[in-house]
>>> print(open('data_36.txt').read())   # compact mmCIF, C-alpha atoms
# COMPACT_ATOMS: atom_id res chain seq x y z
CA MET A 1 0.00 0.00 0.00
CA ALA A 2 1.29 3.47 -0.84
CA PRO A 3 2.40 5.49 2.19
CA MET A 4 -0.16 8.01 3.46
CA SER A 5 0.71 11.62 2.92
CA ALA A 6 -1.11 14.79 3.77
CA ARG A 7 -1.79 15.45 0.06
CA THR A 8 -4.48 13.85 -2.08
CA ASP A 9 -3.81 12.82 -5.67
CA ASP A 10 -6.47 14.93 -7.31
CA ASN A 11 -5.63 18.59 -7.85
CA ASN A 12 -2.95 18.41 -5.16
CA ALA A 13 -5.29 19.86 -2.52
CA PRO A 14 -4.11 19.25 1.06
CA HIS A 15 -5.73 16.39 2.95
CA ARG A 16 -7.43 17.63 6.11
CA ALA A 17 -8.28 15.70 9.24
CA GLY A 18 -9.49 16.85 12.63
CA PHE A 19 -12.18 16.97 15.27
CA ALA A 20 -15.52 18.76 15.27
CA CYS A 21 -17.83 18.72 18.22
CA PHE A 22 -21.59 19.21 18.29
CA VAL A 23 -22.89 21.05 21.34
CA GLY A 24 -26.31 22.25 22.29
CA ARG A 25 -28.88 21.83 24.95
CA PRO A 26 -30.33 18.36 25.48
CA ASN A 27 -32.44 17.03 22.60
CA ALA A 28 -31.17 19.56 20.05
CA GLY A 29 -30.59 16.85 17.43
CA LYS A 30 -26.84 16.35 17.92
CA SER A 31 -26.85 12.53 17.91
CA THR A 32 -29.24 12.29 14.94
CA LEU A 33 -26.99 14.62 12.95
CA THR A 34 -23.87 12.61 13.92
CA ASN A 35 -25.54 9.39 12.72
CA ALA A 36 -26.71 11.02 9.45
CA LEU A 37 -23.22 12.32 8.66
CA VAL A 38 -21.52 9.00 9.43
CA GLY A 39 -24.24 7.07 7.59
CA GLN A 40 -24.69 4.59 10.43
CA LYS A 41 -25.93 4.52 14.00
CA VAL A 42 -22.96 5.42 16.22
CA ALA A 43 -24.79 7.61 18.76
CA ILE A 44 -28.00 6.71 20.55
CA THR A 45 -31.01 8.88 19.85
CA SER A 46 -34.18 9.19 21.87
CA ASN A 47 -37.00 11.68 22.25
CA ARG A 48 -35.86 12.15 25.82
CA PRO A 49 -33.34 14.89 26.38
CA GLN A 50 -29.98 13.95 27.90
CA THR A 51 -29.58 10.50 26.35
CA THR A 52 -25.92 10.83 25.39
CA ARG A 53 -23.56 10.13 28.28
CA HIS A 54 -20.30 9.33 26.54
CA THR A 55 -18.60 11.43 23.90
CA VAL A 56 -19.16 9.29 20.82
CA ARG A 57 -16.79 9.77 17.94
CA GLY A 58 -18.28 9.24 14.50
CA ILE A 59 -15.85 9.30 11.58
CA VAL A 60 -16.72 10.75 8.16
CA HIS A 61 -14.31 9.58 5.43
CA ARG A 62 -13.79 11.57 2.24
CA PRO A 63 -11.01 11.26 -0.36
CA ASP A 64 -9.61 14.66 0.70
CA ALA A 65 -10.57 14.71 4.37
CA GLN A 66 -11.44 12.87 7.55
CA LEU A 67 -13.93 14.58 9.83
CA ILE A 68 -14.09 13.11 13.34
CA LEU A 69 -17.33 14.06 15.08
CA VAL A 70 -17.38 14.23 18.84
CA ASP A 71 -20.92 14.01 20.15
CA THR A 72 -21.14 15.39 23.68
CA PRO A 73 -23.90 15.22 26.28
CA GLY A 74 -26.19 18.28 26.27
CA LEU A 75 -24.86 21.06 28.49
CA HIS A 76 -27.42 21.86 31.19
CA LYS A 77 -27.74 23.23 34.72
CA PRO A 78 -26.78 20.13 36.74
CA ARG A 79 -28.96 18.78 39.55
CA THR A 80 -26.95 15.63 40.33
CA LEU A 81 -23.32 14.57 40.50
CA LEU A 82 -23.89 12.75 37.19
CA GLY A 83 -25.06 16.07 35.70
CA GLU A 84 -21.91 17.83 36.90
CA ARG A 85 -19.70 15.10 35.44
CA LEU A 86 -21.51 15.30 32.09
CA ASN A 87 -20.95 19.07 31.96
CA ASP A 88 -17.24 18.58 32.71
CA VAL A 89 -17.05 16.16 29.77
CA VAL A 90 -18.54 18.83 27.48
CA ARG A 91 -16.13 21.58 28.56
CA THR A 92 -13.07 19.33 28.28
CA THR A 93 -14.15 18.34 24.76
CA TRP A 94 -14.65 21.97 23.65
CA ALA A 95 -11.10 22.77 24.66
CA GLU A 96 -9.67 20.04 22.41
CA VAL A 97 -11.54 20.25 19.07
CA ASP A 98 -10.77 22.14 15.84
CA VAL A 99 -14.30 23.44 15.22
CA ILE A 100 -17.51 23.63 17.27
CA GLY A 101 -20.99 23.09 15.81
CA PHE A 102 -23.68 24.69 18.01
CA CYS A 103 -26.98 22.84 17.36
CA LEU A 104 -30.18 24.86 17.79
CA PRO A 105 -33.53 23.28 16.89
CA ALA A 106 -35.60 25.23 14.35
CA ASP A 107 -38.88 24.36 16.07
CA GLN A 108 -38.06 25.97 19.43
CA LYS A 109 -37.42 29.64 20.12
CA LEU A 110 -34.03 30.44 21.63
CA GLY A 111 -34.30 29.97 25.39
CA PRO A 112 -32.24 30.34 28.57
CA GLY A 113 -30.52 26.99 27.88
CA ASP A 114 -29.25 28.20 24.50
CA ARG A 115 -28.03 31.49 25.99
CA TYR A 116 -26.26 29.62 28.80
CA ILE A 117 -24.30 27.60 26.22
CA ALA A 118 -23.72 30.58 23.90
CA LYS A 119 -22.20 32.56 26.79
CA GLU A 120 -19.79 29.69 27.48
CA LEU A 121 -18.93 29.51 23.76
CA ALA A 122 -18.24 33.25 23.70
CA GLY A 123 -15.39 32.60 26.14
CA ILE A 124 -13.66 30.22 23.68
CA LYS A 125 -12.00 32.70 21.40
CA LYS A 126 -9.82 30.78 18.96
CA THR A 127 -12.02 27.86 17.88
CA PRO A 128 -14.31 28.57 14.88
CA LYS A 129 -18.01 28.16 15.64
CA VAL A 130 -20.75 27.11 13.22
CA ALA A 131 -24.41 27.58 14.18
CA ILE A 132 -26.36 24.53 12.94
CA VAL A 133 -30.13 24.97 12.83
CA THR A 134 -31.50 21.42 13.21
CA LYS A 135 -34.96 19.87 12.69
CA THR A 136 -35.84 22.20 9.79
CA ASP A 137 -38.34 19.58 8.56
CA LEU A 138 -40.58 20.53 11.51
CA VAL A 139 -41.10 24.21 10.56
CA ASP A 140 -42.24 26.40 7.66
CA SER A 141 -39.90 28.78 5.86
CA LYS A 142 -41.09 31.86 7.82
CA THR A 143 -40.33 30.24 11.21
CA LEU A 144 -36.96 29.08 9.91
CA ALA A 145 -36.07 32.59 8.67
CA GLU A 146 -37.00 34.05 12.09
CA GLN A 147 -34.76 31.47 13.83
CA LEU A 148 -31.81 32.27 11.53
CA VAL A 149 -32.16 36.00 12.29
CA ALA A 150 -32.45 35.29 16.06
CA ILE A 151 -29.24 33.20 16.00
CA ASP A 152 -27.36 35.88 14.06
CA GLN A 153 -28.57 38.43 16.62
CA LEU A 154 -27.53 36.20 19.56
CA GLY A 155 -23.99 36.03 18.14
CA LYS A 156 -23.79 39.82 17.80
CA GLU A 157 -25.08 40.31 21.36
CA LEU A 158 -22.46 38.00 22.88
CA GLY A 159 -19.57 38.82 20.56
CA ILE A 160 -19.58 35.44 18.79
CA GLU A 161 -18.66 35.61 15.12
CA TRP A 162 -20.37 32.61 13.52
CA ALA A 163 -18.13 31.10 10.83
CA GLN A 164 -21.39 29.90 9.20
CA ILE A 165 -25.09 29.57 10.03
CA VAL A 166 -26.51 26.50 8.31
CA PRO A 167 -30.04 24.98 8.39
CA VAL A 168 -30.23 21.17 8.25
CA SER A 169 -32.69 18.30 8.57
CA ALA A 170 -30.96 15.05 9.53
CA VAL A 171 -34.27 13.16 9.44
CA GLY A 172 -35.19 14.56 6.00
CA ASN A 173 -31.55 14.26 4.84
CA LYS A 174 -31.52 17.93 3.75
CA GLN A 175 -28.16 19.76 3.70
CA VAL A 176 -26.50 17.03 5.81
CA GLN A 177 -23.51 16.81 3.47
CA LEU A 178 -23.33 20.61 3.35
CA VAL A 179 -22.60 20.57 7.10
CA ALA A 180 -19.54 18.38 6.42
CA ASP A 181 -18.56 20.61 3.44
CA LEU A 182 -18.55 23.65 5.74
CA LEU A 183 -16.71 22.01 8.66
CA ILE A 184 -13.90 20.34 6.67
CA PRO A 185 -12.11 23.55 5.49
CA MET A 186 -11.76 24.53 9.17
CA LEU A 187 -9.73 21.38 9.96
CA PRO A 188 -5.93 21.37 9.94
CA GLU A 189 -3.93 19.81 7.12
CA SER A 190 -3.18 16.27 8.23
CA PRO A 191 -3.06 12.69 6.97
CA PRO A 192 -6.03 10.50 8.03
CA LEU A 193 -6.10 9.87 11.79
CA TYR A 194 -8.15 6.64 11.61
CA PRO A 195 -8.04 3.67 9.20
CA GLU A 196 -10.42 3.77 6.22
CA GLY A 197 -13.66 2.02 7.15
CA ASP A 198 -13.59 2.85 10.88
CA LEU A 199 -16.84 4.62 11.77
CA THR A 200 -16.21 5.17 15.47
CA ASP A 201 -13.53 4.59 18.10
CA GLU A 202 -16.03 3.63 20.79
CA PRO A 203 -15.26 0.18 22.26
CA GLU A 204 -17.84 -2.35 21.04
CA GLN A 205 -18.93 -3.10 24.61
CA VAL A 206 -19.80 0.56 25.21
CA MET A 207 -21.80 0.73 21.97
CA VAL A 208 -23.67 -2.49 22.81
CA ALA A 209 -24.54 -1.10 26.26
CA GLU A 210 -25.79 2.14 24.64
CA LEU A 211 -28.03 0.21 22.21
CA ILE A 212 -29.56 -1.72 25.12
CA ARG A 213 -30.09 1.52 27.06
CA GLU A 214 -31.76 3.16 24.06
CA ALA A 215 -34.21 0.26 23.79
CA ALA A 216 -34.81 0.30 27.56
CA LEU A 217 -35.63 4.02 27.49
CA GLU A 218 -38.04 3.74 24.64
CA GLY A 219 -41.28 2.71 26.28
CA VAL A 220 -40.73 4.21 29.73
CA ARG A 221 -39.76 7.78 28.97
CA ASP A 222 -42.60 9.19 31.06
CA GLU A 223 -42.22 6.96 34.10
CA LEU A 224 -38.45 6.74 34.34
CA PRO A 225 -36.35 9.80 33.85
CA HIS A 226 -32.69 9.05 33.29
CA SER A 227 -32.22 6.51 35.99
CA ILE A 228 -31.19 3.73 33.59
CA ALA A 229 -27.58 2.63 33.14
CA VAL A 230 -26.39 -0.49 31.32
CA VAL A 231 -23.16 -2.41 31.87
CA VAL A 232 -22.11 -5.24 29.53
CA GLU A 233 -20.46 -7.77 31.85
CA GLU A 234 -19.33 -10.23 29.20
CA MET A 235 -19.17 -10.69 25.42
CA LEU A 236 -17.87 -14.13 24.43
CA PRO A 237 -18.19 -16.30 21.30
CA ARG A 238 -20.22 -19.45 22.14
CA GLU A 239 -17.92 -22.46 22.22
CA ASP A 240 -18.52 -25.61 20.13
CA ARG A 241 -20.28 -23.68 17.33
CA PRO A 242 -19.47 -24.52 13.69
CA ALA A 243 -17.45 -21.77 11.96
CA ASP A 244 -20.33 -20.93 9.60
CA LYS A 245 -22.83 -20.57 12.49
CA PRO A 246 -21.16 -18.41 15.14
CA LEU A 247 -23.07 -17.07 18.14
CA LEU A 248 -21.98 -14.32 20.49
CA ASP A 249 -23.15 -14.54 24.12
CA ILE A 250 -23.71 -11.11 25.67
CA HIS A 251 -24.51 -10.80 29.37
CA ALA A 252 -25.62 -7.33 30.47
CA ASN A 253 -27.11 -5.70 33.56
CA VAL A 254 -29.67 -2.91 33.37
CA TYR A 255 -29.32 -0.75 36.51
CA ILE A 256 -32.06 1.42 37.96
CA GLU A 257 -32.06 3.55 41.12
CA ARG A 258 -34.98 2.19 43.14
CA PRO A 259 -36.67 -1.20 43.62
CA SER A 260 -40.01 0.37 42.60
CA GLN A 261 -38.60 0.99 39.10
CA LYS A 262 -37.84 -2.69 38.57
CA GLY A 263 -41.43 -3.55 37.67
CA ILE A 264 -41.58 -0.74 35.10
CA ILE A 265 -38.52 -2.05 33.24
CA ILE A 266 -39.49 -5.74 33.48
CA GLY A 267 -43.20 -5.20 32.71
CA PRO A 268 -46.08 -7.61 33.34
CA LYS A 269 -44.80 -11.22 33.13
CA GLY A 270 -41.46 -9.91 31.84
CA LYS A 271 -43.03 -8.63 28.59
CA ARG A 272 -41.30 -5.23 28.64
CA LEU A 273 -37.79 -6.61 29.26
CA LYS A 274 -38.34 -9.18 26.49
CA GLU A 275 -39.18 -6.33 24.06
CA VAL A 276 -36.03 -4.46 25.13
CA GLY A 277 -34.00 -7.61 24.43
CA THR A 278 -35.58 -8.25 21.02
CA LYS A 279 -35.23 -4.66 19.87
CA SER A 280 -31.65 -4.11 21.05
CA ARG A 281 -30.53 -7.53 19.78
CA LYS A 282 -31.48 -6.56 16.20
CA HIS A 283 -29.36 -3.38 16.40
CA ILE A 284 -26.47 -5.22 18.09
CA GLU A 285 -26.45 -7.92 15.40
CA ALA A 286 -26.44 -5.22 12.69
CA LEU A 287 -23.56 -3.44 14.47
CA LEU A 288 -21.41 -6.53 15.07
CA GLY A 289 -22.42 -8.53 11.97
CA THR A 290 -22.99 -11.75 13.92
CA PRO A 291 -25.96 -13.57 15.58
CA VAL A 292 -26.25 -12.74 19.26
CA PHE A 293 -27.70 -14.39 22.37
CA LEU A 294 -28.56 -11.55 24.76
CA ASP A 295 -28.99 -12.22 28.47
CA LEU A 296 -30.42 -9.20 30.35
CA HIS A 297 -30.82 -8.77 34.12
CA VAL A 298 -32.33 -5.80 35.96
CA LYS A 299 -30.52 -4.68 39.13
CA VAL A 300 -30.93 -1.85 41.62
CA ALA A 301 -28.00 0.53 42.25
CA LYS A 302 -29.51 2.86 44.82
CA ASP A 303 -29.42 6.57 43.79
CA TRP A 304 -26.44 5.88 41.50
CA GLN A 305 -26.65 9.32 39.80
CA ARG A 306 -25.60 10.96 43.09
CA ASP A 307 -23.05 8.45 44.35
CA PRO A 308 -19.39 8.86 43.24
CA LYS A 309 -18.56 5.18 43.86
CA GLN A 310 -21.52 3.88 41.87
CA LEU A 311 -20.84 6.39 39.06
CA ARG A 312 -17.29 5.05 38.75
CA ARG A 313 -18.52 1.46 38.69
CA LEU A 314 -21.06 2.28 35.98
CA GLY A 315 -18.42 3.94 33.82
CA PHE A 316 -18.97 7.65 34.50
>>> encode(input="data_36.txt", output="structure tokens")
Amino acid sequence: MAPMSARTDDNNAPHRAGFACFVGRPNAGKSTLTNALVGQKVAITSNRPQTTRHTVRGIVHRPDAQLILVDTPGLHKPRTLLGERLNDVVRTTWAEVDVIGFCLPADQKLGPGDRYIAKELAGIKKTPKVAIVTKTDLVDSKTLAEQLVAIDQLGKELGIEWAQIVPVSAVGNKQVQLVADLLIPMLPESPPLYPEGDLTDEPEQVMVAELIREAALEGVRDELPHSIAVVVEEMLPREDRPADKPLLDIHANVYIERPSQKGIIIGPKGKRLKEVGTKSRKHIEALLGTPVFLDLHVKVAKDWQRDPKQLRRLGF
């Protein structure tokens, strides 16, 4: 294989590679946009705010560039130790990326949460900032125009010079590639940082746990706020299987904070937990490309969102 250089063959343009991070308040469409750009599910999405807990890196490969997307939790006013830790993750990430994409949903007027984040962004002077207006499929052109003006105004008020303001619909696949086109020129000249074909650098176990958690959140978003954590204890190929019929055994624990929540997750006669298993298994098999036997158990980790020891054990 020819050695990698920082130049591409066509027109001798420099190859660029670097990190972009999407920020925004919870449920601003950051994970959906990450998945649309990468072309595959690498970040969990849910109608509940605050579903992302790890910074997920999605990798967009182009002949002349490699754009590594860092998807952070939504910055918010924290009420628990978990909330404080998530905010720390966001700020650390901002300090390390080449460009910041600030996601603002088109269907919601700018609120205190957006201003809170914009004020923090105003303090980061050197990193270019792109305002990305998400969920444009949910509004008419007049509402969208008003939102674009409001975002421009917000920048002027706080002394933020937007490198670009771009409307996008990840669900409707409108202007998704344009977002990448605008971010790439802001990356440094560099050879690729990840091998061709890699879509994320998240360990498989973390991604499997996230897919289970997404399925577990789905039907209980009103009853259970974010008291669900998932830990994959073991992922092992089943022994004594013929080479053409492999099976991966995955044993995972779903943790909740109180015994009273156990019934909600398990459901009558175990129906709910069975659905979680069926749904997440499909996504896990698609991710790993192999049949899976999924063994799920529900356990109580009392008030884990507030307990430093439990947070460590659950990977936060």
>>> closest_residue(input="data_36.txt", among="A:Arg57, A:Lys135, A:Arg272, A:Lys156", to="Asp107 in chain A", atoms="all atoms listed in the file")
A:Lys135
>>> atom_distance(input="data_36.txt", atom1="CA of Gln147 in chain A", atom2="CA of Pro167 in chain A")
9.7 Å
>>> closest_residue(input="data_36.txt", among="A:Pro185, A:Leu154, A:Tyr116, A:Arg79", to="Val99 in chain A", atoms="all atoms listed in the file")
A:Pro185
>>> closest_residue(input="data_36.txt", among="A:Asp307, A:Glu214, A:Asp140, A:Asp249", to="Thr290 in chain A", atoms="all atoms listed in the file")
A:Asp249
>>> residues_around(input="data_36.txt", residues="Leu121 in chain A", least_positions_apart="6", cutoff="12 Å", atoms="only C-alpha atoms", output="PyMOL selection string")
chain A and resi 22-24+75+90-91+94-95+99-102+114-115+127-131+154-155+158-162
>>> closest_residue(input="data_36.txt", among="A:Ala243, A:Leu144, A:Leu81, A:Ile165", to="Asp303 in chain A", atoms="only C-alpha atoms")
A:Leu81
>>> closest_residue(input="data_36.txt", among="A:Pro188, A:Gly18, A:Gly58, A:Gly29", to="Met207 in chain A", atoms="all atoms listed in the file")
A:Gly58
>>> atom_distance(input="data_36.txt", atom1="CA of Leu138 in chain A", atom2="CA of Lys30 in chain A")
15.7 Å
>>> closest_residue(input="data_36.txt", among="A:Ile132, A:Ala118, A:Gln305, A:Pro105", to="Ala163 in chain A", atoms="all atoms listed in the file")
A:Ile132
>>> residues_around(input="data_36.txt", residues="Leu148 in chain A", least_positions_apart="5", cutoff="9 Å", atoms="all atoms listed in the file", output="list in words")
Ala106, Val133, Thr143, Gln153, Ile165, Val166 and Pro167 of chain A
>>> atom_distance(input="data_36.txt", atom1="CA of Val300 in chain A", atom2="CA of Leu248 in chain A")
26.1 Å
>>> axis_aligned_box(input="data_36.txt", around="range 266-273 of chain A", padding_each_side="5 Å", output="JSON")
{"center_x": -41.9, "center_y": -8.2, "center_z": 31.0, "size_x": 18.3, "size_y": 16.0, "size_z": 14.9}
>>> build_atoms(input="data_36.txt", residues="range 260-277 of chain A", atoms="N, CA and C atoms", output="compact mmCIF listing (two decimals), keeping the file's coordinate frame")
# COMPACT_ATOMS: atom_id res chain seq x y z
N SER A 260 -38.69 0.13 43.21
CA SER A 260 -40.01 0.37 42.60
C SER A 260 -39.94 0.51 41.08
N GLN A 261 -38.73 0.81 40.56
CA GLN A 261 -38.60 0.99 39.10
C GLN A 261 -38.42 -0.35 38.38
N LYS A 262 -38.13 -1.38 39.16
CA LYS A 262 -37.84 -2.69 38.57
C LYS A 262 -39.04 -3.20 37.75
N GLY A 263 -40.21 -3.07 38.34
CA GLY A 263 -41.43 -3.55 37.67
C GLY A 263 -41.69 -2.83 36.36
N ILE A 264 -41.34 -1.53 36.32
CA ILE A 264 -41.58 -0.74 35.10
C ILE A 264 -40.72 -1.28 33.96
N ILE A 265 -39.45 -1.57 34.27
CA ILE A 265 -38.52 -2.05 33.24
C ILE A 265 -38.86 -3.48 32.80
N ILE A 266 -39.23 -4.33 33.80
CA ILE A 266 -39.49 -5.74 33.48
C ILE A 266 -40.86 -5.91 32.81
N GLY A 267 -41.86 -5.13 33.29
CA GLY A 267 -43.20 -5.20 32.71
C GLY A 267 -43.97 -6.42 33.19
N PRO A 268 -45.28 -6.47 32.89
CA PRO A 268 -46.08 -7.61 33.34
C PRO A 268 -45.57 -8.89 32.71
N LYS A 269 -45.32 -9.91 33.56
CA LYS A 269 -44.80 -11.22 33.13
C LYS A 269 -43.53 -11.10 32.27
N GLY A 270 -42.74 -10.05 32.53
CA GLY A 270 -41.46 -9.91 31.84
C GLY A 270 -41.56 -9.42 30.39
N LYS A 271 -42.78 -8.99 29.99
CA LYS A 271 -43.03 -8.63 28.59
C LYS A 271 -42.14 -7.45 28.14
N ARG A 272 -42.04 -6.45 29.00
CA ARG A 272 -41.30 -5.23 28.64
C ARG A 272 -39.80 -5.53 28.42
N LEU A 273 -39.22 -6.29 29.36
CA LEU A 273 -37.79 -6.61 29.26
C LEU A 273 -37.52 -7.46 28.01
N LYS A 274 -38.48 -8.34 27.68
CA LYS A 274 -38.34 -9.18 26.49
C LYS A 274 -38.29 -8.28 25.24
N GLU A 275 -39.17 -7.27 25.20
CA GLU A 275 -39.18 -6.33 24.06
C GLU A 275 -37.85 -5.59 23.94
N VAL A 276 -37.33 -5.16 25.11
CA VAL A 276 -36.03 -4.46 25.13
C VAL A 276 -34.96 -5.36 24.53
N GLY A 277 -34.97 -6.64 24.93
CA GLY A 277 -34.00 -7.61 24.43
C GLY A 277 -34.11 -7.82 22.93
